[in-house]
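Data first, discussion second: the structure below is written as structure tokens.
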Amino acid sequence: MSPSLIAEFFLLAALWGSSFLFMRLGAAEFGALPTAGVRVTLAALFLLPVFLVKGVWADFRQRARPILFVGLLNSGIPFALFAFAVMHITTGLTSILNATVPLSGAVVAWLWLKDRPSGSRMLGLLIGFVGVALLVVGKSGFSATGVAGAGATGTTLLAMGACLLATLCYGLAASFTKRYLTGAHPLATATGSQMGAALGLALPTLWLWPSQPVSLGAWGALAAVALFCTSIAYILFFRIIAKAGPSRALTVTFLVPVFALMYGALFLGESITSWMVLCGLVIVCGTALSTGLVRLRWLERGPT
């Protein structure tokens, strides 16, 4: 990649890494569902001007239903699940679990699209899920609530489960997009999906709207996550895909936890345990194999 594209790559990782911090600050006052609802609504508003780009509006009108639906699956539900998670576990731990998205995507593509992985990719799936299991079982990775006891552990497990469910939604959305939205203009998909998520979360957001006034700081956090971590990040991601291909663009997943861990330690005082780092490395190695970014030739059999 060119130096300018590498700069965009690191900027994207930094933006997506900060999303967990901003969600944590916003969800503390808004709650999980309103946080997700405000995020996608603001993101949709920020992205509306892209409909002025030639061909974007026409493409959206032609594929409106699947684009709106994939928005709920790819943004609305996962954003709500992650907003719930960061209220109960560290942002760094949340970001490590988020790094399993390619693993979920590979499994869904295998089961739904019959995209059977090769030997090295199957080994990567196994390694990745072992990393997740170790992270869940290893209680030294639990450090967000600062509350001891069975109740705290149960809430932590529920929050980690929410993260994994969110990654499953991302995997389903990826296969749905491949099957029903191949050839769609990426800006039409990006903008329309945020509109679909906003429509899907509108009623839950209003129903669960906080009864107490929300501070300007919380509003600022959600405006930041909508503008920088959603709208601008989507545009950067699609630019990298167009210039460097999806495989290289996908590797941004490996850098996101690095920035998220750094932000959490600097601004929230979160601890980074050696167990979290170790499990994160196992997950990254499994992801690299499962996505085909790293191949073991002696295990290569069949299509990749």
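Identifiers in the structure tokens: chain A, B, ... in order shown; residue index from 1 per chain; ligand index from 1 in order shown.
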
_Residues within 12 Å of Met276 (chain A), please, as a ChimeraX atom specification. Count only C-alpha atoms; anything in the same chain fewer than 3 positions from it doesn't count._
/A:90-97,131-143,257-258,261,271-273,279-283

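For region 73-87 of chain A, the list of residues within 6 Å, based on only C-alpha atoms and with local chain neighbours fewer than 2 positions off taken out, reads Met23, Arg24, Ala32, Leu33, Ala36, Val70, Gly71, Ile89, Thr91, Ala159, Ala162, Cys163, Ala166, Cys169, Tyr170, Ala173 and Ala197 of chain A.
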
Resulting file, chosen residues, all heavy atoms, as an mmCIF file, in the first residue's frame:
```cif
data_model
loop_
_atom_site.group_PDB
_atom_site.id
_atom_site.type_symbol
_atom_site.label_atom_id
_atom_site.label_comp_id
_atom_site.auth_asym_id
_atom_site.auth_seq_id
_atom_site.Cartn_x
_atom_site.Cartn_y
_atom_site.Cartn_z
ATOM 1 N N MET A 23 -18.793 4.960 23.097
ATOM 2 C CA MET A 23 -20.013 4.239 23.480
ATOM 3 C C MET A 23 -20.117 4.127 24.995
ATOM 4 O O MET A 23 -21.208 4.257 25.567
ATOM 5 C CB MET A 23 -20.042 2.852 22.841
ATOM 6 C CG MET A 23 -20.465 2.833 21.386
ATOM 7 S SD MET A 23 -20.846 1.169 20.790
ATOM 8 C CE MET A 23 -19.226 0.406 20.833
ATOM 9 N N ARG A 24 -18.992 3.873 25.649
ATOM 10 C CA ARG A 24 -18.994 3.759 27.113
ATOM 11 C C ARG A 24 -19.450 5.073 27.746
ATOM 12 O O ARG A 24 -20.272 5.091 28.671
ATOM 13 C CB ARG A 24 -17.581 3.397 27.572
ATOM 14 C CG ARG A 24 -17.374 3.365 29.081
ATOM 15 C CD ARG A 24 -18.034 2.146 29.706
ATOM 16 N NE ARG A 24 -17.641 2.007 31.093
ATOM 17 C CZ ARG A 24 -16.570 1.350 31.514
ATOM 18 N NH1 ARG A 24 -15.763 0.765 30.641
ATOM 19 N NH2 ARG A 24 -16.302 1.253 32.787
ATOM 20 N N ALA A 32 -28.153 1.441 26.793
ATOM 21 C CA ALA A 32 -27.642 0.740 25.624
ATOM 22 C C ALA A 32 -28.441 1.025 24.351
ATOM 23 O O ALA A 32 -27.881 1.446 23.333
ATOM 24 C CB ALA A 32 -27.611 -0.763 25.903
ATOM 25 N N LEU A 33 -29.749 0.798 24.382
ATOM 26 C CA LEU A 33 -30.550 0.958 23.161
ATOM 27 C C LEU A 33 -30.612 2.402 22.675
ATOM 28 O O LEU A 33 -30.427 2.667 21.480
ATOM 29 C CB LEU A 33 -31.945 0.385 23.373
ATOM 30 C CG LEU A 33 -32.080 -1.116 23.098
ATOM 31 C CD1 LEU A 33 -33.406 -1.642 23.596
ATOM 32 C CD2 LEU A 33 -31.933 -1.394 21.607
ATOM 33 N N ALA A 36 -27.357 3.248 20.867
ATOM 34 C CA ALA A 36 -27.301 2.731 19.503
ATOM 35 C C ALA A 36 -28.228 3.517 18.582
ATOM 36 O O ALA A 36 -27.875 3.830 17.436
ATOM 37 C CB ALA A 36 -27.667 1.254 19.488
ATOM 38 N N VAL A 70 -30.294 -4.911 5.987
ATOM 39 C CA VAL A 70 -28.934 -5.227 6.400
ATOM 40 C C VAL A 70 -28.410 -4.189 7.391
ATOM 41 O O VAL A 70 -27.532 -4.478 8.203
ATOM 42 C CB VAL A 70 -28.002 -5.339 5.167
ATOM 43 C CG1 VAL A 70 -27.496 -3.984 4.696
ATOM 44 C CG2 VAL A 70 -26.810 -6.241 5.486
ATOM 45 N N GLY A 71 -28.968 -2.978 7.344
ATOM 46 C CA GLY A 71 -28.573 -1.956 8.308
ATOM 47 C C GLY A 71 -28.916 -2.343 9.731
ATOM 48 O O GLY A 71 -28.128 -2.130 10.660
ATOM 49 N N ILE A 89 -18.132 -4.479 30.962
ATOM 50 C CA ILE A 89 -16.769 -4.986 30.839
ATOM 51 C C ILE A 89 -15.910 -3.879 30.229
ATOM 52 O O ILE A 89 -16.431 -2.882 29.720
ATOM 53 C CB ILE A 89 -16.677 -6.268 29.981
ATOM 54 C CG1 ILE A 89 -17.191 -6.016 28.557
ATOM 55 C CG2 ILE A 89 -17.415 -7.406 30.643
ATOM 56 C CD1 ILE A 89 -17.062 -7.222 27.646
ATOM 57 N N THR A 91 -13.574 -1.633 27.813
ATOM 58 C CA THR A 91 -13.622 -1.367 26.379
ATOM 59 C C THR A 91 -12.563 -2.188 25.649
ATOM 60 O O THR A 91 -12.764 -2.606 24.505
ATOM 61 C CB THR A 91 -13.404 0.127 26.093
ATOM 62 O OG1 THR A 91 -12.141 0.540 26.639
ATOM 63 C CG2 THR A 91 -14.505 0.961 26.720
ATOM 64 N N ALA A 159 -22.324 -9.844 29.271
ATOM 65 C CA ALA A 159 -21.773 -8.797 28.407
ATOM 66 C C ALA A 159 -20.869 -9.392 27.334
ATOM 67 O O ALA A 159 -20.905 -8.971 26.170
ATOM 68 C CB ALA A 159 -20.998 -7.792 29.258
ATOM 69 N N ALA A 162 -22.968 -10.895 24.737
ATOM 70 C CA ALA A 162 -23.524 -9.868 23.857
ATOM 71 C C ALA A 162 -22.535 -9.495 22.752
ATOM 72 O O ALA A 162 -22.916 -9.296 21.599
ATOM 73 C CB ALA A 162 -23.904 -8.632 24.672
ATOM 74 N N CYS A 163 -21.240 -9.418 23.109
ATOM 75 C CA CYS A 163 -20.207 -9.121 22.105
ATOM 76 C C CYS A 163 -20.162 -10.196 21.034
ATOM 77 O O CYS A 163 -20.098 -9.897 19.834
ATOM 78 C CB CYS A 163 -18.840 -9.001 22.769
ATOM 79 S SG CYS A 163 -18.652 -7.585 23.856
ATOM 80 N N ALA A 166 -23.076 -10.004 18.784
ATOM 81 C CA ALA A 166 -22.896 -8.900 17.843
ATOM 82 C C ALA A 166 -22.014 -9.313 16.671
ATOM 83 O O ALA A 166 -22.293 -8.974 15.513
ATOM 84 C CB ALA A 166 -22.296 -7.692 18.561
ATOM 85 N N CYS A 169 -23.972 -11.295 14.274
ATOM 86 C CA CYS A 169 -24.789 -10.426 13.422
ATOM 87 C C CYS A 169 -23.963 -9.869 12.262
ATOM 88 O O CYS A 169 -24.435 -9.800 11.121
ATOM 89 C CB CYS A 169 -25.369 -9.270 14.243
ATOM 90 S SG CYS A 169 -26.662 -9.745 15.400
ATOM 91 N N TYR A 170 -22.719 -9.461 12.555
ATOM 92 C CA TYR A 170 -21.845 -8.967 11.503
ATOM 93 C C TYR A 170 -21.587 -10.057 10.457
ATOM 94 O O TYR A 170 -21.555 -9.797 9.251
ATOM 95 C CB TYR A 170 -20.511 -8.502 12.087
ATOM 96 C CG TYR A 170 -20.563 -7.187 12.808
ATOM 97 C CD1 TYR A 170 -19.859 -7.007 14.001
ATOM 98 C CD2 TYR A 170 -21.292 -6.108 12.315
ATOM 99 C CE1 TYR A 170 -19.886 -5.790 14.682
ATOM 100 C CE2 TYR A 170 -21.334 -4.899 12.991
ATOM 101 C CZ TYR A 170 -20.627 -4.749 14.164
ATOM 102 O OH TYR A 170 -20.657 -3.545 14.823
ATOM 103 N N ALA A 173 -24.670 -10.475 8.369
ATOM 104 C CA ALA A 173 -24.821 -9.328 7.474
ATOM 105 C C ALA A 173 -23.870 -9.423 6.289
ATOM 106 O O ALA A 173 -24.226 -9.069 5.160
ATOM 107 C CB ALA A 173 -24.576 -8.034 8.249
ATOM 108 N N ALA A 197 -31.081 1.037 10.138
ATOM 109 C CA ALA A 197 -30.842 0.829 11.566
ATOM 110 C C ALA A 197 -31.580 1.872 12.398
ATOM 111 O O ALA A 197 -32.149 1.559 13.451
ATOM 112 C CB ALA A 197 -29.341 0.891 11.853
#
```

Report as an mmCIF file with N, CA and C atoms, in the first residue's frame all protein, DNA and RNA residues lying within 6 Å of Phe259 (chain A), evaluated on only C-alpha atoms, omitting residues in the same chain fewer than 3 positions from it.
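See part-v1.cif below for the written result:
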```cif
data_model
loop_
_atom_site.group_PDB
_atom_site.id
_atom_site.type_symbol
_atom_site.label_atom_id
_atom_site.label_comp_id
_atom_site.auth_asym_id
_atom_site.auth_seq_id
_atom_site.Cartn_x
_atom_site.Cartn_y
_atom_site.Cartn_z
ATOM 1 N N ALA A 14 -7.654 3.653 14.330
ATOM 2 C CA ALA A 14 -7.750 4.564 15.476
ATOM 3 C C ALA A 14 -9.192 5.003 15.710
ATOM 4 N N GLY A 17 -11.189 1.984 16.972
ATOM 5 C CA GLY A 17 -10.766 1.696 18.339
ATOM 6 C C GLY A 17 -11.382 2.645 19.351
ATOM 7 N N VAL A 256 -7.454 -2.616 15.667
ATOM 8 C CA VAL A 256 -8.495 -1.953 16.454
ATOM 9 C C VAL A 256 -8.332 -2.200 17.959
ATOM 10 N N MET A 262 -5.437 1.044 24.404
ATOM 11 C CA MET A 262 -4.702 2.255 24.747
ATOM 12 C C MET A 262 -5.642 3.351 25.238
#
```

A straight line from CA of Asp59 (chain A) to CA of Ala44 (chain A) spans 16.7 Å

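In this comparison, which uses only C-alpha atoms, the residue of A:Leu21, A:Leu113, A:Ala188, A:Ile6 approaching Tyr263 (chain A) most closely is A:Leu21.
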
Taken to one decimal, the CA of Val40 (chain A)-CA of Ala198 (chain A) distance is 5.3 Å

Listing only residues of region 64-134 of chain A within 12 Å of region 287-297 of chain A, what is the closest atom pair and its distance in Å (to one decimal) for each, using only C-alpha atoms, sorted by chain and residue number ascending, as a tab-separated table?
```
residue	atom	partner	partner_atom	distance
A:Ile96	CA	A:Thr287	CA	11.6
A:Leu97	CA	A:Thr287	CA	11.6
A:Asn98	CA	A:Thr287	CA	11.4
A:Ala99	CA	A:Thr287	CA	8.0
A:Thr100	CA	A:Thr287	CA	7.0
A:Val101	CA	A:Thr287	CA	8.6
A:Pro102	CA	A:Thr287	CA	6.3
A:Leu103	CA	A:Thr287	CA	6.0
A:Ser104	CA	A:Thr287	CA	9.7
A:Gly105	CA	A:Thr291	CA	9.1
A:Ala106	CA	A:Ser290	CA	7.0
A:Val107	CA	A:Ser290	CA	9.3
A:Ala109	CA	A:Thr291	CA	11.3
A:Trp110	CA	A:Ser290	CA	11.4
A:Asp115	CA	A:Thr291	CA	11.9
A:Arg116	CA	A:Ser290	CA	11.1
A:Pro117	CA	A:Ser290	CA	7.7
A:Ser118	CA	A:Ser290	CA	8.7
A:Gly119	CA	A:Leu296	CA	8.2
A:Ser120	CA	A:Leu296	CA	5.5
A:Arg121	CA	A:Ser290	CA	3.9
A:Met122	CA	A:Ser290	CA	6.3
A:Leu123	CA	A:Ser290	CA	7.2
A:Gly124	CA	A:Ser290	CA	4.3
A:Leu125	CA	A:Ser290	CA	5.4
A:Leu126	CA	A:Ser290	CA	8.7
A:Ile127	CA	A:Thr287	CA	8.2
A:Gly128	CA	A:Thr287	CA	6.0
A:Phe129	CA	A:Thr287	CA	9.4
A:Val130	CA	A:Thr287	CA	11.4
A:Gly131	CA	A:Thr287	CA	10.1
A:Val132	CA	A:Thr287	CA	11.2
```

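Using only C-alpha atoms, the nearest neighbour of Phe51 (chain A) within the list A:Gly192, A:Thr205, A:Leu236, A:Leu199 is A:Gly192.
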
Just list the residues in region 6-163 of chain A DSSP gives helix (DSSP H, G or I) on the backbone, as a PyMOL selection string. chain A and resi 6-30+32-52+56-62+64-85+91-98+101-112+119-137+139-141+150-163

Using only C-alpha atoms, the residue out of A:Ser231, A:Thr253, A:Thr35, A:Ser211 with shortest distance to Leu187 (chain A) is A:Ser231

Pairwise distance, CA of Thr41 (chain A) with CA of Leu255 (chain A), equals 27.0 Å

Using only C-alpha atoms, which of A:Phe20, A:Leu11, A:Pro3, A:Leu72 sits nearest Phe267 (chain A)?
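Smallest separation from Phe267 (chain A) among the options: A:Phe20.
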
If we count only C-alpha atoms, what is near Glu29 (chain A) at a cut-off of 10 Å, once residues fewer than 2 positions away on the same chain are taken out, given as a ChimeraX atom specification?
-> /A:24-27,31-32,34-35,209-215,217-219
